[in-house]
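Q: Got my_file-v4.txt for you, compact mmCIF, N, CA and C atoms:
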# COMPACT_ATOMS: atom_id res chain seq x y z
N MET A 16 -2.09 32.45 -20.51
CA MET A 16 -1.86 31.76 -19.26
C MET A 16 -0.48 31.12 -19.30
N THR A 17 0.28 31.32 -18.26
CA THR A 17 1.60 30.74 -18.15
C THR A 17 1.50 29.22 -18.10
N LYS A 18 2.33 28.54 -18.86
CA LYS A 18 2.30 27.08 -18.91
C LYS A 18 2.99 26.51 -17.68
N LEU A 19 2.33 25.55 -17.05
CA LEU A 19 2.88 24.87 -15.88
C LEU A 19 3.46 23.52 -16.31
N THR A 20 4.49 23.09 -15.61
CA THR A 20 5.09 21.78 -15.91
C THR A 20 4.25 20.67 -15.28
N LYS A 21 4.50 19.45 -15.74
CA LYS A 21 3.81 18.30 -15.18
C LYS A 21 4.07 18.18 -13.68
N SER A 22 5.30 18.40 -13.28
CA SER A 22 5.64 18.26 -11.86
C SER A 22 4.93 19.33 -11.02
N GLU A 23 4.76 20.53 -11.57
CA GLU A 23 4.03 21.58 -10.84
C GLU A 23 2.55 21.20 -10.72
N LEU A 24 1.96 20.66 -11.78
CA LEU A 24 0.57 20.21 -11.72
C LEU A 24 0.40 19.07 -10.72
N PHE A 25 1.35 18.13 -10.72
CA PHE A 25 1.28 17.01 -9.78
C PHE A 25 1.44 17.49 -8.34
N GLU A 26 2.27 18.51 -8.14
CA GLU A 26 2.43 19.06 -6.79
C GLU A 26 1.12 19.68 -6.31
N PHE A 27 0.45 20.44 -7.19
CA PHE A 27 -0.86 20.98 -6.84
C PHE A 27 -1.84 19.86 -6.50
N ALA A 28 -1.84 18.80 -7.32
CA ALA A 28 -2.76 17.67 -7.10
C ALA A 28 -2.46 16.96 -5.79
N GLN A 29 -1.20 16.80 -5.47
CA GLN A 29 -0.82 16.15 -4.22
C GLN A 29 -1.32 16.95 -3.02
N VAL A 30 -1.15 18.26 -3.05
CA VAL A 30 -1.64 19.11 -1.97
C VAL A 30 -3.16 19.01 -1.88
N PHE A 31 -3.83 19.04 -3.03
CA PHE A 31 -5.29 18.95 -3.06
C PHE A 31 -5.76 17.64 -2.42
N ILE A 32 -5.12 16.55 -2.76
CA ILE A 32 -5.54 15.24 -2.25
C ILE A 32 -5.29 15.12 -0.75
N LEU A 33 -4.20 15.71 -0.26
CA LEU A 33 -3.83 15.56 1.14
C LEU A 33 -4.46 16.60 2.07
N ALA A 34 -5.00 17.67 1.52
CA ALA A 34 -5.57 18.73 2.36
C ALA A 34 -6.82 18.22 3.08
N ASN A 35 -6.94 18.57 4.35
CA ASN A 35 -8.12 18.14 5.09
C ASN A 35 -9.01 19.29 5.55
N THR A 36 -8.60 20.51 5.26
CA THR A 36 -9.44 21.69 5.53
C THR A 36 -9.20 22.71 4.41
N PRO A 37 -10.12 23.64 4.24
CA PRO A 37 -9.90 24.69 3.24
C PRO A 37 -8.61 25.47 3.48
N LEU A 38 -8.30 25.75 4.74
CA LEU A 38 -7.10 26.54 5.03
C LEU A 38 -5.84 25.73 4.80
N SER A 39 -5.87 24.43 5.07
CA SER A 39 -4.68 23.62 4.77
C SER A 39 -4.48 23.53 3.26
N LEU A 40 -5.57 23.51 2.51
CA LEU A 40 -5.46 23.52 1.05
C LEU A 40 -4.84 24.83 0.57
N PHE A 41 -5.36 25.94 1.07
CA PHE A 41 -4.81 27.25 0.69
C PHE A 41 -3.33 27.35 1.05
N ASN A 42 -3.00 27.00 2.29
CA ASN A 42 -1.60 27.09 2.73
C ASN A 42 -0.69 26.23 1.89
N GLY A 43 -1.14 25.03 1.57
CA GLY A 43 -0.32 24.14 0.76
C GLY A 43 -0.14 24.65 -0.66
N LEU A 44 -1.21 25.11 -1.27
CA LEU A 44 -1.13 25.56 -2.66
C LEU A 44 -0.28 26.80 -2.83
N ILE A 45 -0.36 27.74 -1.90
CA ILE A 45 0.43 28.96 -2.08
C ILE A 45 1.93 28.70 -1.88
N ARG A 46 2.28 27.55 -1.34
CA ARG A 46 3.69 27.21 -1.16
C ARG A 46 4.23 26.33 -2.28
N CYS A 47 3.39 25.96 -3.23
CA CYS A 47 3.83 25.14 -4.36
C CYS A 47 4.67 25.97 -5.34
N ALA A 48 5.57 25.29 -6.02
CA ALA A 48 6.46 25.96 -6.97
C ALA A 48 5.67 26.63 -8.10
N GLY A 49 4.60 26.02 -8.56
CA GLY A 49 3.81 26.57 -9.66
C GLY A 49 3.04 27.83 -9.31
N MET A 50 2.88 28.11 -8.02
CA MET A 50 2.12 29.30 -7.63
C MET A 50 2.80 30.58 -8.10
N GLN A 51 4.11 30.61 -8.09
CA GLN A 51 4.82 31.81 -8.56
C GLN A 51 4.53 32.07 -10.03
N LYS A 52 4.45 31.00 -10.82
CA LYS A 52 4.10 31.18 -12.23
C LYS A 52 2.68 31.69 -12.38
N LEU A 53 1.75 31.12 -11.62
CA LEU A 53 0.36 31.58 -11.71
C LEU A 53 0.24 33.05 -11.33
N ARG A 54 0.95 33.45 -10.30
CA ARG A 54 0.85 34.83 -9.81
C ARG A 54 1.41 35.85 -10.79
N LYS A 55 2.20 35.41 -11.76
CA LYS A 55 2.74 36.34 -12.77
C LYS A 55 1.68 36.75 -13.78
N ASN A 56 0.58 36.02 -13.84
CA ASN A 56 -0.50 36.35 -14.76
C ASN A 56 -1.32 37.52 -14.22
N SER A 57 -1.92 38.27 -15.12
CA SER A 57 -2.79 39.37 -14.70
C SER A 57 -4.09 38.80 -14.13
N GLU A 58 -4.80 39.64 -13.41
CA GLU A 58 -6.08 39.19 -12.85
C GLU A 58 -7.09 38.82 -13.94
N ASP A 59 -7.04 39.52 -15.08
CA ASP A 59 -7.95 39.19 -16.18
C ASP A 59 -7.67 37.80 -16.72
N VAL A 60 -6.41 37.47 -16.91
CA VAL A 60 -6.04 36.14 -17.41
C VAL A 60 -6.44 35.08 -16.39
N LEU A 61 -6.17 35.33 -15.11
CA LEU A 61 -6.54 34.37 -14.07
C LEU A 61 -8.05 34.17 -13.99
N LEU A 62 -8.81 35.26 -14.08
CA LEU A 62 -10.27 35.16 -14.04
C LEU A 62 -10.82 34.37 -15.22
N ARG A 63 -10.30 34.65 -16.41
CA ARG A 63 -10.75 33.90 -17.60
C ARG A 63 -10.43 32.43 -17.48
N TYR A 64 -9.23 32.13 -17.00
CA TYR A 64 -8.84 30.74 -16.86
C TYR A 64 -9.66 30.04 -15.77
N TYR A 65 -9.91 30.74 -14.67
CA TYR A 65 -10.75 30.19 -13.60
C TYR A 65 -12.15 29.87 -14.13
N ASP A 66 -12.73 30.79 -14.89
CA ASP A 66 -14.05 30.55 -15.49
C ASP A 66 -14.01 29.34 -16.42
N HIS A 67 -12.95 29.25 -17.21
CA HIS A 67 -12.82 28.13 -18.15
C HIS A 67 -12.68 26.79 -17.43
N ILE A 68 -11.79 26.74 -16.46
CA ILE A 68 -11.49 25.46 -15.82
C ILE A 68 -12.61 25.01 -14.88
N THR A 69 -13.30 25.94 -14.23
CA THR A 69 -14.41 25.54 -13.36
C THR A 69 -15.68 25.25 -14.15
N GLY A 70 -15.71 25.65 -15.40
CA GLY A 70 -16.86 25.37 -16.25
C GLY A 70 -16.78 24.04 -16.96
N ARG A 71 -15.65 23.36 -16.85
CA ARG A 71 -15.46 22.07 -17.52
C ARG A 71 -16.32 21.00 -16.86
N ALA A 72 -16.88 20.12 -17.68
CA ALA A 72 -17.69 19.02 -17.17
C ALA A 72 -16.80 17.94 -16.56
N GLU A 73 -15.66 17.69 -17.18
CA GLU A 73 -14.76 16.64 -16.72
C GLU A 73 -13.78 17.23 -15.71
N ARG A 74 -13.85 16.73 -14.48
CA ARG A 74 -12.97 17.22 -13.43
C ARG A 74 -12.29 16.05 -12.74
N ASN A 75 -10.99 15.97 -12.87
CA ASN A 75 -10.23 14.99 -12.11
C ASN A 75 -9.43 15.74 -11.05
N GLU A 76 -8.58 15.03 -10.33
CA GLU A 76 -7.83 15.65 -9.24
C GLU A 76 -6.92 16.77 -9.73
N ILE A 77 -6.33 16.59 -10.89
CA ILE A 77 -5.42 17.61 -11.41
C ILE A 77 -6.19 18.86 -11.82
N VAL A 78 -7.32 18.68 -12.46
CA VAL A 78 -8.14 19.83 -12.88
C VAL A 78 -8.66 20.58 -11.65
N LEU A 79 -9.15 19.85 -10.66
CA LEU A 79 -9.64 20.51 -9.44
C LEU A 79 -8.51 21.20 -8.69
N ALA A 80 -7.37 20.55 -8.61
CA ALA A 80 -6.23 21.17 -7.93
C ALA A 80 -5.82 22.46 -8.63
N LEU A 81 -5.80 22.43 -9.96
CA LEU A 81 -5.45 23.63 -10.72
C LEU A 81 -6.49 24.73 -10.52
N ALA A 82 -7.77 24.35 -10.48
CA ALA A 82 -8.83 25.34 -10.24
C ALA A 82 -8.64 26.01 -8.87
N TYR A 83 -8.36 25.21 -7.85
CA TYR A 83 -8.11 25.78 -6.52
C TYR A 83 -6.85 26.64 -6.52
N ALA A 84 -5.82 26.21 -7.23
CA ALA A 84 -4.58 26.99 -7.31
C ALA A 84 -4.84 28.35 -7.96
N VAL A 85 -5.63 28.37 -9.02
CA VAL A 85 -5.96 29.64 -9.68
C VAL A 85 -6.79 30.51 -8.74
N LEU A 86 -7.72 29.90 -8.01
CA LEU A 86 -8.50 30.67 -7.02
C LEU A 86 -7.57 31.27 -5.97
N CYS A 87 -6.61 30.50 -5.49
CA CYS A 87 -5.66 31.01 -4.50
C CYS A 87 -4.82 32.14 -5.07
N ALA A 88 -4.42 32.01 -6.33
CA ALA A 88 -3.68 33.10 -6.98
C ALA A 88 -4.55 34.35 -7.07
N LEU A 89 -5.83 34.18 -7.32
CA LEU A 89 -6.75 35.32 -7.36
C LEU A 89 -6.92 35.94 -5.97
N VAL A 90 -6.95 35.10 -4.95
CA VAL A 90 -7.02 35.61 -3.57
C VAL A 90 -5.79 36.47 -3.29
N LEU A 91 -4.63 35.97 -3.64
CA LEU A 91 -3.39 36.73 -3.41
C LEU A 91 -3.37 38.02 -4.23
N ARG A 92 -3.88 37.95 -5.45
CA ARG A 92 -3.96 39.15 -6.31
C ARG A 92 -4.90 40.18 -5.69
N THR A 93 -6.01 39.71 -5.14
CA THR A 93 -6.98 40.61 -4.50
C THR A 93 -6.34 41.36 -3.35
N ARG A 94 -5.45 40.69 -2.63
CA ARG A 94 -4.77 41.35 -1.52
C ARG A 94 -3.85 42.46 -2.02
N GLU A 95 -3.37 42.32 -3.26
CA GLU A 95 -2.47 43.33 -3.82
C GLU A 95 -3.23 44.50 -4.43
N ILE A 96 -4.29 44.24 -5.18
CA ILE A 96 -4.93 45.30 -5.96
C ILE A 96 -6.29 45.75 -5.41
N GLY A 97 -6.86 45.00 -4.50
CA GLY A 97 -8.18 45.35 -4.00
C GLY A 97 -9.20 44.32 -4.42
N SER A 98 -10.40 44.76 -4.63
CA SER A 98 -11.53 43.86 -4.84
C SER A 98 -11.58 43.26 -6.24
N LEU A 99 -11.94 41.99 -6.30
CA LEU A 99 -12.22 41.29 -7.56
C LEU A 99 -13.53 40.53 -7.38
N GLU A 100 -14.25 40.35 -8.47
CA GLU A 100 -15.47 39.55 -8.44
C GLU A 100 -15.15 38.15 -8.94
N VAL A 101 -15.26 37.17 -8.05
CA VAL A 101 -14.96 35.78 -8.39
C VAL A 101 -16.09 34.92 -7.83
N ASP A 102 -16.58 33.99 -8.64
CA ASP A 102 -17.59 33.05 -8.16
C ASP A 102 -16.88 31.86 -7.53
N ALA A 103 -16.48 32.04 -6.29
CA ALA A 103 -15.73 31.01 -5.58
C ALA A 103 -16.61 29.81 -5.23
N SER A 104 -17.90 29.96 -5.29
CA SER A 104 -18.82 28.87 -4.94
C SER A 104 -18.80 27.74 -5.96
N ARG A 105 -18.11 27.91 -7.06
CA ARG A 105 -17.99 26.84 -8.06
C ARG A 105 -17.17 25.66 -7.53
N LEU A 106 -16.40 25.89 -6.50
CA LEU A 106 -15.58 24.85 -5.88
C LEU A 106 -16.08 24.60 -4.46
N GLN A 107 -16.08 23.36 -4.05
CA GLN A 107 -16.66 22.99 -2.75
C GLN A 107 -16.11 23.83 -1.60
N TRP A 108 -14.81 24.02 -1.54
CA TRP A 108 -14.19 24.82 -0.48
C TRP A 108 -13.86 26.23 -0.95
N GLY A 109 -14.22 26.57 -2.15
CA GLY A 109 -13.85 27.86 -2.71
C GLY A 109 -14.37 29.05 -1.94
N GLN A 110 -15.66 29.01 -1.60
CA GLN A 110 -16.26 30.15 -0.90
C GLN A 110 -15.66 30.32 0.49
N ARG A 111 -15.36 29.21 1.15
CA ARG A 111 -14.77 29.30 2.49
C ARG A 111 -13.37 29.90 2.43
N ILE A 112 -12.59 29.52 1.44
CA ILE A 112 -11.26 30.09 1.26
C ILE A 112 -11.38 31.58 0.96
N TRP A 113 -12.24 31.93 0.03
CA TRP A 113 -12.41 33.33 -0.39
C TRP A 113 -12.89 34.19 0.77
N ASP A 114 -13.91 33.73 1.50
CA ASP A 114 -14.46 34.52 2.60
C ASP A 114 -13.45 34.71 3.72
N PHE A 115 -12.72 33.65 4.04
CA PHE A 115 -11.73 33.78 5.10
C PHE A 115 -10.66 34.79 4.72
N MET A 116 -10.18 34.71 3.50
CA MET A 116 -9.11 35.61 3.10
C MET A 116 -9.59 37.05 2.99
N LYS A 117 -10.86 37.26 2.68
CA LYS A 117 -11.38 38.63 2.65
C LYS A 117 -11.45 39.20 4.06
N ARG A 118 -11.74 38.34 5.05
CA ARG A 118 -11.83 38.80 6.44
C ARG A 118 -10.46 38.94 7.10
N SER A 119 -9.49 38.18 6.63
CA SER A 119 -8.18 38.15 7.25
C SER A 119 -7.42 39.43 6.94
N ASP A 120 -6.74 39.99 7.95
CA ASP A 120 -5.92 41.16 7.67
C ASP A 120 -4.44 40.85 7.72
N SER A 121 -4.12 39.57 7.63
CA SER A 121 -2.69 39.22 7.63
C SER A 121 -2.16 39.26 6.20
N GLY A 122 -0.86 39.26 6.09
CA GLY A 122 -0.24 39.22 4.77
C GLY A 122 -0.28 37.82 4.21
N THR A 123 0.30 37.63 3.06
CA THR A 123 0.25 36.32 2.41
C THR A 123 1.21 35.33 3.04
N GLY A 124 2.11 35.78 3.87
CA GLY A 124 3.03 34.85 4.51
C GLY A 124 2.39 34.04 5.61
N GLY A 125 1.25 34.47 6.10
CA GLY A 125 0.56 33.74 7.16
C GLY A 125 -0.90 34.07 7.12
N LEU A 126 -1.68 33.29 7.79
CA LEU A 126 -3.13 33.49 7.75
C LEU A 126 -3.67 34.14 9.00
N GLY A 127 -2.82 34.62 9.86
CA GLY A 127 -3.31 35.26 11.07
C GLY A 127 -3.85 34.26 12.07
N ILE A 128 -3.42 33.02 11.95
CA ILE A 128 -3.88 31.98 12.86
C ILE A 128 -2.72 31.64 13.78
N SER A 129 -2.97 31.74 15.06
CA SER A 129 -1.92 31.36 15.99
C SER A 129 -2.13 29.90 16.38
N ALA A 130 -1.05 29.24 16.65
CA ALA A 130 -1.13 27.83 17.03
C ALA A 130 -1.92 27.71 18.32
N ARG A 131 -2.74 26.69 18.38
CA ARG A 131 -3.53 26.46 19.58
C ARG A 131 -2.60 26.08 20.71
N GLN A 132 -2.85 26.69 21.84
CA GLN A 132 -2.03 26.39 23.00
C GLN A 132 -2.37 24.99 23.48
N ALA A 133 -1.35 24.25 23.93
CA ALA A 133 -1.58 22.90 24.42
C ALA A 133 -2.52 22.95 25.62
N PRO A 134 -3.50 22.06 25.67
CA PRO A 134 -4.43 22.09 26.79
C PRO A 134 -3.75 21.77 28.11
N THR A 135 -4.19 22.43 29.14
CA THR A 135 -3.69 22.17 30.47
C THR A 135 -4.71 21.29 31.16
N ILE A 136 -4.26 20.14 31.60
CA ILE A 136 -5.17 19.20 32.25
C ILE A 136 -4.68 19.00 33.68
N THR A 137 -5.56 19.21 34.62
CA THR A 137 -5.20 19.00 36.02
C THR A 137 -6.24 18.11 36.66
N ALA A 138 -5.87 17.46 37.73
CA ALA A 138 -6.79 16.60 38.47
C ALA A 138 -6.92 17.16 39.88
N SER A 139 -8.12 17.05 40.42
CA SER A 139 -8.31 17.46 41.80
C SER A 139 -9.36 16.56 42.43
N ASN A 140 -9.31 16.45 43.72
CA ASN A 140 -10.31 15.65 44.42
C ASN A 140 -11.47 16.55 44.81
N SER A 141 -12.67 16.11 44.49
CA SER A 141 -13.85 16.89 44.86
C SER A 141 -14.24 16.53 46.29
N PRO A 142 -15.07 17.33 46.96
CA PRO A 142 -15.49 17.02 48.33
C PRO A 142 -16.17 15.66 48.44
N SER A 143 -16.75 15.17 47.36
CA SER A 143 -17.44 13.88 47.43
C SER A 143 -16.46 12.71 47.37
N GLY A 144 -15.18 12.98 47.17
CA GLY A 144 -14.19 11.92 47.12
C GLY A 144 -13.93 11.40 45.72
N GLU A 145 -14.67 11.88 44.72
CA GLU A 145 -14.45 11.46 43.35
C GLU A 145 -13.33 12.30 42.73
N THR A 146 -12.59 11.70 41.82
CA THR A 146 -11.56 12.45 41.11
C THR A 146 -12.23 13.19 39.96
N ARG A 147 -11.94 14.46 39.83
CA ARG A 147 -12.50 15.31 38.81
C ARG A 147 -11.38 15.81 37.92
N PHE A 148 -11.62 15.87 36.60
CA PHE A 148 -10.62 16.38 35.67
C PHE A 148 -11.06 17.74 35.17
N ILE A 149 -10.14 18.67 35.13
CA ILE A 149 -10.38 19.98 34.53
C ILE A 149 -9.62 19.97 33.22
N LEU A 150 -10.36 20.10 32.14
CA LEU A 150 -9.77 19.94 30.81
C LEU A 150 -9.36 21.28 30.23
N GLY A 151 -8.52 21.20 29.22
CA GLY A 151 -8.04 22.39 28.52
C GLY A 151 -9.08 22.95 27.57
N PRO A 152 -8.69 23.91 26.75
CA PRO A 152 -9.63 24.62 25.88
C PRO A 152 -10.27 23.75 24.81
N ASP A 153 -9.67 22.59 24.49
CA ASP A 153 -10.29 21.73 23.49
C ASP A 153 -11.41 20.87 24.06
N GLY A 154 -11.52 20.80 25.39
CA GLY A 154 -12.59 20.07 26.02
C GLY A 154 -12.46 18.56 25.96
N LEU A 155 -11.32 18.06 25.55
CA LEU A 155 -11.13 16.61 25.45
C LEU A 155 -10.64 16.04 26.76
N PRO A 156 -11.07 14.81 27.07
CA PRO A 156 -10.59 14.19 28.32
C PRO A 156 -9.15 13.72 28.18
N ALA A 157 -8.52 13.50 29.33
CA ALA A 157 -7.15 13.00 29.33
C ALA A 157 -7.14 11.58 28.77
N LEU A 158 -6.13 11.28 27.96
CA LEU A 158 -6.05 9.95 27.38
C LEU A 158 -5.40 8.96 28.32
N SER A 159 -4.56 9.42 29.23
CA SER A 159 -3.93 8.54 30.19
C SER A 159 -3.53 9.38 31.41
N TRP A 160 -3.13 8.71 32.45
CA TRP A 160 -2.72 9.42 33.66
C TRP A 160 -1.44 10.20 33.44
N ARG A 161 -0.67 9.84 32.42
CA ARG A 161 0.56 10.58 32.13
C ARG A 161 0.24 12.02 31.73
N ASN A 162 -0.97 12.26 31.20
CA ASN A 162 -1.35 13.60 30.74
C ASN A 162 -1.76 14.51 31.89
N VAL A 163 -1.90 13.96 33.07
CA VAL A 163 -2.39 14.75 34.20
C VAL A 163 -1.20 15.35 34.93
N SER A 164 -1.29 16.67 35.18
CA SER A 164 -0.18 17.32 35.88
C SER A 164 -0.56 17.59 37.31
Mind turning the file's structure into structure tokens?
A:
Amino acid sequence: MTKLTKSELFEFAQVFILANTPLSLFNGLIRCAGMQKLRKNSEDVLLRYYDHITGRAERNEIVLALAYAVLCALVLRTREIGSLEVDASRLQWGQRIWDFMKRSDSGTGGLGISARQAPTITASNSPSGETRFILGPDGLPALSWRNVS
């Protein structure tokens, strides 16, 4: 296994701590400097290390971040060589990351997710004289009259 520097491990941990969804975790980890080092390892080395690190009883933020980083490296490797057998369920968000990436047909530069279009909010008067709001695709009400076009 390629040795990572302290700063690379801390960068993985920072992304892990700040991620609020499985996809934000994946996106953040694949952009870390240490990911290039992880990706240089063969799938066998990555699988053995993933088994080792996820089997540890003691898990702190750095260990969990590294486990997710290795899983992400395995996801990227799978896109290059085809199918791999990985028990992604060992990590809370692991299975969701693995399943999404297996379904995604985008390359590693993006996840095939387009930015959500800003909701269009309009106001109209109903026949009863009440003001009615038509909300955008997120279904949220207008926060102020400034949002109404």
Q: If we count all atoms listed in the file, what is near segment 93-96 of chain A at a cut-off of 8 Å, once residues fewer than 5 positions away on the same chain are taken out, given as a compact mmCIF listing (two decimals) with N, CA and C atoms, in the coordinates of the input?
A:
# COMPACT_ATOMS: atom_id res chain seq x y z
N GLU A 58 -4.80 39.64 -13.41
CA GLU A 58 -6.08 39.19 -12.85
C GLU A 58 -7.09 38.82 -13.94
N CYS A 87 -6.61 30.50 -5.49
CA CYS A 87 -5.66 31.01 -4.50
C CYS A 87 -4.82 32.14 -5.07
N ALA A 88 -4.42 32.01 -6.33
CA ALA A 88 -3.68 33.10 -6.98
C ALA A 88 -4.55 34.35 -7.07
N MET A 116 -10.18 34.71 3.50
CA MET A 116 -9.11 35.61 3.10
C MET A 116 -9.59 37.05 2.99
N THR A 123 0.30 37.63 3.06
CA THR A 123 0.25 36.32 2.41
C THR A 123 1.21 35.33 3.04
Q: List as number ranges by chain the protein and nucleic acid residues near Val30 of chain A, meaning an atom at most 6 Å away when all atoms listed in the file are counted, but skip any in the same chain fewer than 4 places from it.
A: A: 25-26, 34, 40, 43
Q: What does the distance between atom CA of Gln51 of chain A and atom CA of Glu73 of chain A come to in Å, to one decimal place?
A: 26.1 Å
Q: Which is closer to Leu86 of chain A than all the others in A:Leu99, A:Leu61, A:Ala72, A:Cys47, using all atoms listed in the file?
A: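 Residue with the minimum atom-to-atom distance to Leu86 of chain A: A:Leu61.
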Q: With all atoms listed in the file as the basis for distance, which of A:Glu76, A:Leu91, A:Ala84, A:Gln107 is at the shortest distance from Gln29 of chain A?
A: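 Of all the options, A:Glu76 lies closest to Gln29 of chain A.
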Q: Excluding Ala80 of chain A and residues on its chain fewer than 6 positions from it, collect all residues at most 8 Å away from it, counting only C-alpha atoms, and give them as a ChimeraX atom specification.
A: /A:24,27-28,30-31
Q: In Å to one decimal, how far is atom CA of Gln110 of chain A from atom CA of Leu89 of chain A?
A: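 Computing it gives 12.6 Å between the two atoms.
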Q: So what do you get for atom C of Pro37 of chain A versus atom CA of Ile112 of chain A, distance-wise?
A: 5.8 Å
Q: Taking all atoms of segment 59-69 of chain A that the file lists and extending 4 Å past them on each side, where is the centre of the axis-aligned box and how long are its edges? Answer in Å to one decimal, as JSON.
A:
{"center_x": -10.9, "center_y": 32.3, "center_z": -15.8, "size_x": 17.6, "size_y": 22.5, "size_z": 12.8}
Q: Which residue out of A:Ile45, A:Arg105, A:Leu33, A:Val90 has the minimum interatomic distance to Gly70 of chain A when only N, CA and C atoms are used?
A: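 Counting only N, CA and C atoms, the residue closest to Gly70 of chain A is A:Arg105.
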Q: Point out the residue among A:Leu106, A:Leu53, A:Leu38, A:Leu19 with the least atom-to-atom distance to Tyr83 of chain A, counting only C-alpha atoms.
A: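 Counting only C-alpha atoms, the residue closest to Tyr83 of chain A is A:Leu106.
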